[in-house]
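Let me begin by presenting the structure, written as structure tokens, before commenting on it.
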Amino acid sequence: RDVERSRGLGDVYKRQADYKDICRDGAPEIAAQIKPFMIANRVSYVLDLHGPSEVIDTACSSSLVAVHRAVDSIRRGTCGAALVGGVNVIAHPEITLSLSKAGVLSEDGRCMAFDARGNGMVRGEGVGMMLLKPLESAVVDGDRILGVIRGSAENHDGRSSSASAPNPAAQRDLIVRAMRDAEIDPATVGYVEAHGTGTELGDPVEVRGLRTAYETLYRDAGIPVPAARTCVLGSVKANVGHLEAAAGVAGLMKVLQMFAHARIPGNPHLRDANPYLELDGSPFELARTPRDWASP
């Protein structure tokens, strides 16, 4: 513990503002004292940590951006390890009411990722937390290593057709940068944990971004995109809903469990694929039923 403190152990979190909304309604004098930075910095205070202590708020990508920032901090040597994750607790009705009025929630309460019946997102609650540290340090310390982060990337959609519509070109660029940073051959990737919110527009746009990213990577390598379906797509949101601030870390934890069990789970509620996915001619397929996952 002393060695980790001397290096500077960072912790990065994301939270919703529901508790502040509750206090605002019943105890405004307390609400005025609640600030977003407090949750991360309070943990650093209690555990006597001296590294970066940040609350990341980038909406649904918050916990994955937190992972990216933590990895970058470890690489740069500003901390020797990092607690990173996300928390999503639905404690106040305001956000749910707003999303309902906007018409983005599933009418039947089911996240039907990649399915033709997909009609909106489903809010979910959860918390996920991980300890990240350099592989060499984890080996020396005798840690139980669940997985290795080879690379990461971060960007923004920029201008798209609307404020809520994803930009497939930006998603393509992000995937290409992450794969290049990790120095990974796309042919060895057997599974992609997608955002997969179960919406008629969002799922096809995400698949389009993946397709064009792989086309770019294979073109740069001077080889054609394989005709065989070599990579399975899935989304944990079909199991637990959209955890918003904790959505990314939930997907990451799912993949770590898949590593441990060497299995790819099926996508719940997947009956008929969304006709706009355009999977033909791509290396991607949908996980309809569980299957074994062999190492390449």
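If you're wondering about the labels, chains in the structure tokens are A, B, ... by order shown, residues count from 1 in each chain, ligands from 1 in order shown.
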Q: Pull the strand (DSSP E or B) assignments for stretch 187-294 of chain A out of DSSP run on the backbone, and list those residues as a ChimeraX atom specification.
A: /A:191-193,231-234,242,263-264,273,284-286,291-292
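Within 8 Å of stretch 126-136 of chain A, once only C-alpha atoms are used and residues closer than 4 positions along the same chain are dropped, the contacting residues are Ala70, Val71, Ile74, Gly80, Ala81, Ala82, Leu83, Val84, Gly85, Gly86, Val87, Asn88, Val89, Val140, Val148, Leu243, Ala246, Val249, Ala250 and Met253 of chain A.
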Can those selected residues be exported to a file as a PDB file, in the first residue's frame so that it contains N, CA and C atoms?
```pdb
ATOM      1  N   ALA A  70      -7.521   6.775 -17.232  1.00  0.00           N
ATOM      2  CA  ALA A  70      -6.709   6.071 -16.241  1.00  0.00           C
ATOM      3  C   ALA A  70      -5.542   5.352 -16.907  1.00  0.00           C
ATOM      4  N   VAL A  71      -5.808   4.691 -18.045  1.00  0.00           N
ATOM      5  CA  VAL A  71      -4.739   4.007 -18.773  1.00  0.00           C
ATOM      6  C   VAL A  71      -3.672   5.010 -19.203  1.00  0.00           C
ATOM      7  N   ILE A  74      -1.575   6.077 -16.221  1.00  0.00           N
ATOM      8  CA  ILE A  74      -0.608   5.044 -15.837  1.00  0.00           C
ATOM      9  C   ILE A  74       0.545   5.009 -16.826  1.00  0.00           C
ATOM     10  N   GLY A  80       0.587   5.016 -10.366  1.00  0.00           N
ATOM     11  CA  GLY A  80       1.056   3.651 -10.551  1.00  0.00           C
ATOM     12  C   GLY A  80      -0.056   2.640 -10.664  1.00  0.00           C
ATOM     13  N   ALA A  81      -1.264   3.036 -10.286  1.00  0.00           N
ATOM     14  CA  ALA A  81      -2.445   2.184 -10.386  1.00  0.00           C
ATOM     15  C   ALA A  81      -3.652   3.102 -10.317  1.00  0.00           C
ATOM     16  N   ALA A  82      -4.823   2.577 -10.694  1.00  0.00           N
ATOM     17  CA  ALA A  82      -6.011   3.426 -10.703  1.00  0.00           C
ATOM     18  C   ALA A  82      -7.251   2.623 -10.384  1.00  0.00           C
ATOM     19  N   LEU A  83      -8.088   3.171  -9.503  1.00  0.00           N
ATOM     20  CA  LEU A  83      -9.444   2.668  -9.309  1.00  0.00           C
ATOM     21  C   LEU A  83     -10.317   3.386 -10.321  1.00  0.00           C
ATOM     22  N   VAL A  84     -11.042   2.623 -11.129  1.00  0.00           N
ATOM     23  CA  VAL A  84     -11.823   3.237 -12.195  1.00  0.00           C
ATOM     24  C   VAL A  84     -13.135   2.486 -12.353  1.00  0.00           C
ATOM     25  N   GLY A  85     -14.201   3.225 -12.621  1.00  0.00           N
ATOM     26  CA  GLY A  85     -15.486   2.560 -12.798  1.00  0.00           C
ATOM     27  C   GLY A  85     -16.611   3.549 -12.980  1.00  0.00           C
ATOM     28  N   GLY A  86     -17.816   3.086 -12.726  1.00  0.00           N
ATOM     29  CA  GLY A  86     -18.991   3.929 -12.896  1.00  0.00           C
ATOM     30  C   GLY A  86     -20.104   3.488 -11.969  1.00  0.00           C
ATOM     31  N   VAL A  87     -20.972   4.436 -11.644  1.00  0.00           N
ATOM     32  CA  VAL A  87     -22.110   4.178 -10.763  1.00  0.00           C
ATOM     33  C   VAL A  87     -23.353   4.790 -11.389  1.00  0.00           C
ATOM     34  N   ASN A  88     -24.441   4.031 -11.438  1.00  0.00           N
ATOM     35  CA  ASN A  88     -25.704   4.576 -11.920  1.00  0.00           C
ATOM     36  C   ASN A  88     -26.826   4.121 -11.003  1.00  0.00           C
ATOM     37  N   VAL A  89     -27.400   5.061 -10.269  1.00  0.00           N
ATOM     38  CA  VAL A  89     -28.507   4.783  -9.366  1.00  0.00           C
ATOM     39  C   VAL A  89     -29.685   5.658  -9.760  1.00  0.00           C
ATOM     40  N   VAL A 140       4.267  -9.127 -10.540  1.00  0.00           N
ATOM     41  CA  VAL A 140       5.158  -9.103  -9.380  1.00  0.00           C
ATOM     42  C   VAL A 140       4.360  -9.185  -8.081  1.00  0.00           C
ATOM     43  N   VAL A 148      -6.085  -7.846 -19.994  1.00  0.00           N
ATOM     44  CA  VAL A 148      -5.071  -6.839 -20.283  1.00  0.00           C
ATOM     45  C   VAL A 148      -5.638  -5.832 -21.281  1.00  0.00           C
ATOM     46  N   LEU A 243     -27.000   1.155 -18.402  1.00  0.00           N
ATOM     47  CA  LEU A 243     -26.532   1.648 -17.109  1.00  0.00           C
ATOM     48  C   LEU A 243     -25.962   3.055 -17.190  1.00  0.00           C
ATOM     49  N   ALA A 246     -22.561   3.937 -15.936  1.00  0.00           N
ATOM     50  CA  ALA A 246     -21.812   2.693 -15.723  1.00  0.00           C
ATOM     51  C   ALA A 246     -21.938   1.740 -16.903  1.00  0.00           C
ATOM     52  N   VAL A 249     -18.378   0.317 -18.297  1.00  0.00           N
ATOM     53  CA  VAL A 249     -17.690  -0.613 -17.412  1.00  0.00           C
ATOM     54  C   VAL A 249     -18.480  -1.906 -17.285  1.00  0.00           C
ATOM     55  N   ALA A 250     -19.816  -1.849 -17.435  1.00  0.00           N
ATOM     56  CA  ALA A 250     -20.624  -3.068 -17.418  1.00  0.00           C
ATOM     57  C   ALA A 250     -20.265  -3.957 -18.605  1.00  0.00           C
ATOM     58  N   MET A 253     -16.794  -5.467 -17.976  1.00  0.00           N
ATOM     59  CA  MET A 253     -16.842  -6.553 -17.003  1.00  0.00           C
ATOM     60  C   MET A 253     -17.460  -7.813 -17.617  1.00  0.00           C
TER      61      MET A 253
END
```
Q: Apply DSSP to the structure's backbone, then extract all residues of stretch 34-78 of chain A labelled helix (DSSP H, G or I) and return them as a list in words.
A: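 For stretch 34-78 of chain A, the helix (DSSP H, G or I) set is Met38, Ile39, Ala40, Asn41, Arg42, Val43, Ser44, Tyr45, Val46, Leu47, Ala59, Cys60, Ser61, Ser62, Ser63, Leu64, Val65, Ala66, Val67, His68, Arg69, Ala70, Val71, Asp72, Ser73, Ile74, Arg75 and Arg76 of chain A.
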Counting only C-alpha atoms, what are the residues of stretch 47-119 of chain A within 10 Å of stretch 227-235 of chain A, and for each of them which pair of atoms is the nearest and at what distance in Å, to one decimal? Sort the table by chain and rising number, as JSON lines.
```
{"residue": "A:Cys111", "atom": "CA", "partner": "A:Ser235", "partner_atom": "CA", "distance": 9.6}
{"residue": "A:Met112", "atom": "CA", "partner": "A:Ser235", "partner_atom": "CA", "distance": 9.6}
{"residue": "A:Ala113", "atom": "CA", "partner": "A:Ser235", "partner_atom": "CA", "distance": 6.8}
{"residue": "A:Phe114", "atom": "CA", "partner": "A:Gly234", "partner_atom": "CA", "distance": 8.6}
```
Q. Which one is closest to A:Ile22: A:Ile90, A:Pro36, A:Val43, A:Val104? Count only C-alpha atoms.
A. A:Ile90
Q: For A:Asn41, list every protein, DNA or RNA residue within 9 Å, evaluated using only C-alpha atoms, and leave out those in the same chain fewer than 2 positions away; present the list as a ChimeraX atom specification.
A: /A:11-12,37-39,43-46,53-55
Selection from above, all heavy atoms, as an mmCIF file, in the first residue's frame, can you write it?
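Saved as part-v7.cif:
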```
data_model
loop_
_atom_site.group_PDB
_atom_site.id
_atom_site.type_symbol
_atom_site.label_atom_id
_atom_site.label_comp_id
_atom_site.auth_asym_id
_atom_site.auth_seq_id
_atom_site.Cartn_x
_atom_site.Cartn_y
_atom_site.Cartn_z
ATOM 1 N N ASP A 11 -8.084 7.635 -8.696
ATOM 2 C CA ASP A 11 -9.408 7.039 -8.816
ATOM 3 C C ASP A 11 -10.295 7.962 -9.635
ATOM 4 O O ASP A 11 -10.275 9.175 -9.477
ATOM 5 C CB ASP A 11 -10.034 6.741 -7.451
ATOM 6 C CG ASP A 11 -10.063 7.955 -6.550
ATOM 7 O OD1 ASP A 11 -9.009 8.268 -5.950
ATOM 8 O OD2 ASP A 11 -11.110 8.587 -6.450
ATOM 9 N N VAL A 12 -11.042 7.353 -10.550
ATOM 10 C CA VAL A 12 -11.851 8.104 -11.496
ATOM 11 C C VAL A 12 -13.263 7.539 -11.464
ATOM 12 O O VAL A 12 -13.454 6.346 -11.639
ATOM 13 C CB VAL A 12 -11.282 7.989 -12.926
ATOM 14 C CG1 VAL A 12 -11.970 8.957 -13.862
ATOM 15 C CG2 VAL A 12 -9.782 8.256 -12.923
ATOM 16 N N PHE A 37 -17.695 16.696 -8.048
ATOM 17 C CA PHE A 37 -16.326 16.250 -7.788
ATOM 18 C C PHE A 37 -16.192 15.524 -6.452
ATOM 19 O O PHE A 37 -15.199 14.829 -6.206
ATOM 20 C CB PHE A 37 -15.364 17.442 -7.794
ATOM 21 C CG PHE A 37 -15.647 18.466 -6.722
ATOM 22 C CD1 PHE A 37 -15.214 18.278 -5.421
ATOM 23 C CD2 PHE A 37 -16.343 19.628 -7.028
ATOM 24 C CE1 PHE A 37 -15.475 19.224 -4.435
ATOM 25 C CE2 PHE A 37 -16.612 20.572 -6.052
ATOM 26 C CZ PHE A 37 -16.177 20.369 -4.749
ATOM 27 N N MET A 38 -17.187 15.631 -5.578
ATOM 28 C CA MET A 38 -17.027 15.138 -4.211
ATOM 29 C C MET A 38 -16.905 13.621 -4.136
ATOM 30 O O MET A 38 -16.172 13.095 -3.303
ATOM 31 C CB MET A 38 -18.191 15.608 -3.343
ATOM 32 C CG MET A 38 -18.186 17.115 -3.073
ATOM 33 S SD MET A 38 -19.605 17.667 -2.123
ATOM 34 C CE MET A 38 -19.347 16.815 -0.581
ATOM 35 N N ILE A 39 -17.607 12.883 -5.022
ATOM 36 C CA ILE A 39 -17.615 11.426 -4.861
ATOM 37 C C ILE A 39 -16.229 10.838 -5.096
ATOM 38 O O ILE A 39 -15.777 9.973 -4.351
ATOM 39 C CB ILE A 39 -18.668 10.773 -5.773
ATOM 40 C CG1 ILE A 39 -18.760 9.271 -5.461
ATOM 41 C CG2 ILE A 39 -18.361 11.002 -7.246
ATOM 42 C CD1 ILE A 39 -19.958 8.608 -6.073
ATOM 43 N N VAL A 43 -13.382 9.551 -1.896
ATOM 44 C CA VAL A 43 -12.708 8.241 -1.854
ATOM 45 C C VAL A 43 -11.204 8.429 -1.692
ATOM 46 O O VAL A 43 -10.551 7.724 -0.918
ATOM 47 C CB VAL A 43 -13.028 7.434 -3.127
ATOM 48 C CG1 VAL A 43 -12.200 6.155 -3.176
ATOM 49 C CG2 VAL A 43 -14.512 7.099 -3.186
ATOM 50 N N SER A 44 -10.645 9.383 -2.431
ATOM 51 C CA SER A 44 -9.210 9.654 -2.303
ATOM 52 C C SER A 44 -8.858 10.091 -0.884
ATOM 53 O O SER A 44 -7.809 9.716 -0.344
ATOM 54 C CB SER A 44 -8.794 10.743 -3.304
ATOM 55 O OG SER A 44 -8.988 10.306 -4.626
ATOM 56 N N TYR A 45 -9.751 10.860 -0.262
ATOM 57 C CA TYR A 45 -9.517 11.315 1.107
ATOM 58 C C TYR A 45 -9.534 10.135 2.079
ATOM 59 O O TYR A 45 -8.635 9.979 2.915
ATOM 60 C CB TYR A 45 -10.593 12.338 1.497
ATOM 61 C CG TYR A 45 -10.596 12.704 2.955
ATOM 62 C CD1 TYR A 45 -9.697 13.637 3.467
ATOM 63 C CD2 TYR A 45 -11.503 12.110 3.835
ATOM 64 C CE1 TYR A 45 -9.699 13.967 4.813
ATOM 65 C CE2 TYR A 45 -11.511 12.429 5.176
ATOM 66 C CZ TYR A 45 -10.606 13.360 5.669
ATOM 67 O OH TYR A 45 -10.609 13.680 6.993
ATOM 68 N N VAL A 46 -10.555 9.272 1.953
ATOM 69 C CA VAL A 46 -10.703 8.152 2.880
ATOM 70 C C VAL A 46 -9.553 7.157 2.739
ATOM 71 O O VAL A 46 -9.027 6.639 3.737
ATOM 72 C CB VAL A 46 -12.057 7.448 2.650
ATOM 73 C CG1 VAL A 46 -12.134 6.141 3.446
ATOM 74 C CG2 VAL A 46 -13.200 8.371 3.044
ATOM 75 N N SER A 53 -7.732 12.507 -9.251
ATOM 76 C CA SER A 53 -9.016 12.135 -8.644
ATOM 77 C C SER A 53 -10.095 12.901 -9.397
ATOM 78 O O SER A 53 -10.365 14.066 -9.103
ATOM 79 C CB SER A 53 -9.009 12.478 -7.156
ATOM 80 O OG SER A 53 -10.140 11.946 -6.501
ATOM 81 N N GLU A 54 -10.714 12.253 -10.366
ATOM 82 C CA GLU A 54 -11.566 12.963 -11.320
ATOM 83 C C GLU A 54 -12.947 12.324 -11.448
ATOM 84 O O GLU A 54 -13.083 11.106 -11.404
ATOM 85 C CB GLU A 54 -10.919 12.965 -12.705
ATOM 86 C CG GLU A 54 -9.501 13.494 -12.748
ATOM 87 C CD GLU A 54 -8.859 13.298 -14.105
ATOM 88 O OE1 GLU A 54 -9.589 13.018 -15.080
ATOM 89 O OE2 GLU A 54 -7.623 13.390 -14.191
ATOM 90 N N VAL A 55 -13.936 13.160 -11.632
ATOM 91 C CA VAL A 55 -15.267 12.717 -12.027
ATOM 92 C C VAL A 55 -15.411 12.994 -13.518
ATOM 93 O O VAL A 55 -15.233 14.121 -13.965
ATOM 94 C CB VAL A 55 -16.362 13.461 -11.239
ATOM 95 C CG1 VAL A 55 -17.741 13.140 -11.800
ATOM 96 C CG2 VAL A 55 -16.306 13.084 -9.770
#
```
Q. Atom CA of A:Arg117 and atom CA of A:Pro275 are how many Å apart?
A.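 Separating atom CA of A:Arg117 from atom CA of A:Pro275 is a distance of 10.3 Å.
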Q: Could you check how far atom CA of A:Ala260 sits from atom CA of A:Gly196, in Å to one decimal?
A: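 Atom CA of A:Gly196 lies 22.7 Å from atom CA of A:Ala260.
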Q: Excluding A:Asp108 and any residue of its chain fewer than 5 positions from it, enumerate the residues within 10 Å of it, using only C-alpha atoms, and give them as a PyMOL selection string.
A: chain A and resi 119-120+122
Q.
My list of candidates is A:Leu270, A:Cys60, A:Ala182, A:Leu252. Which is closest to A:Ala153 when distances are computed with only C-alpha atoms?
A. A:Ala182
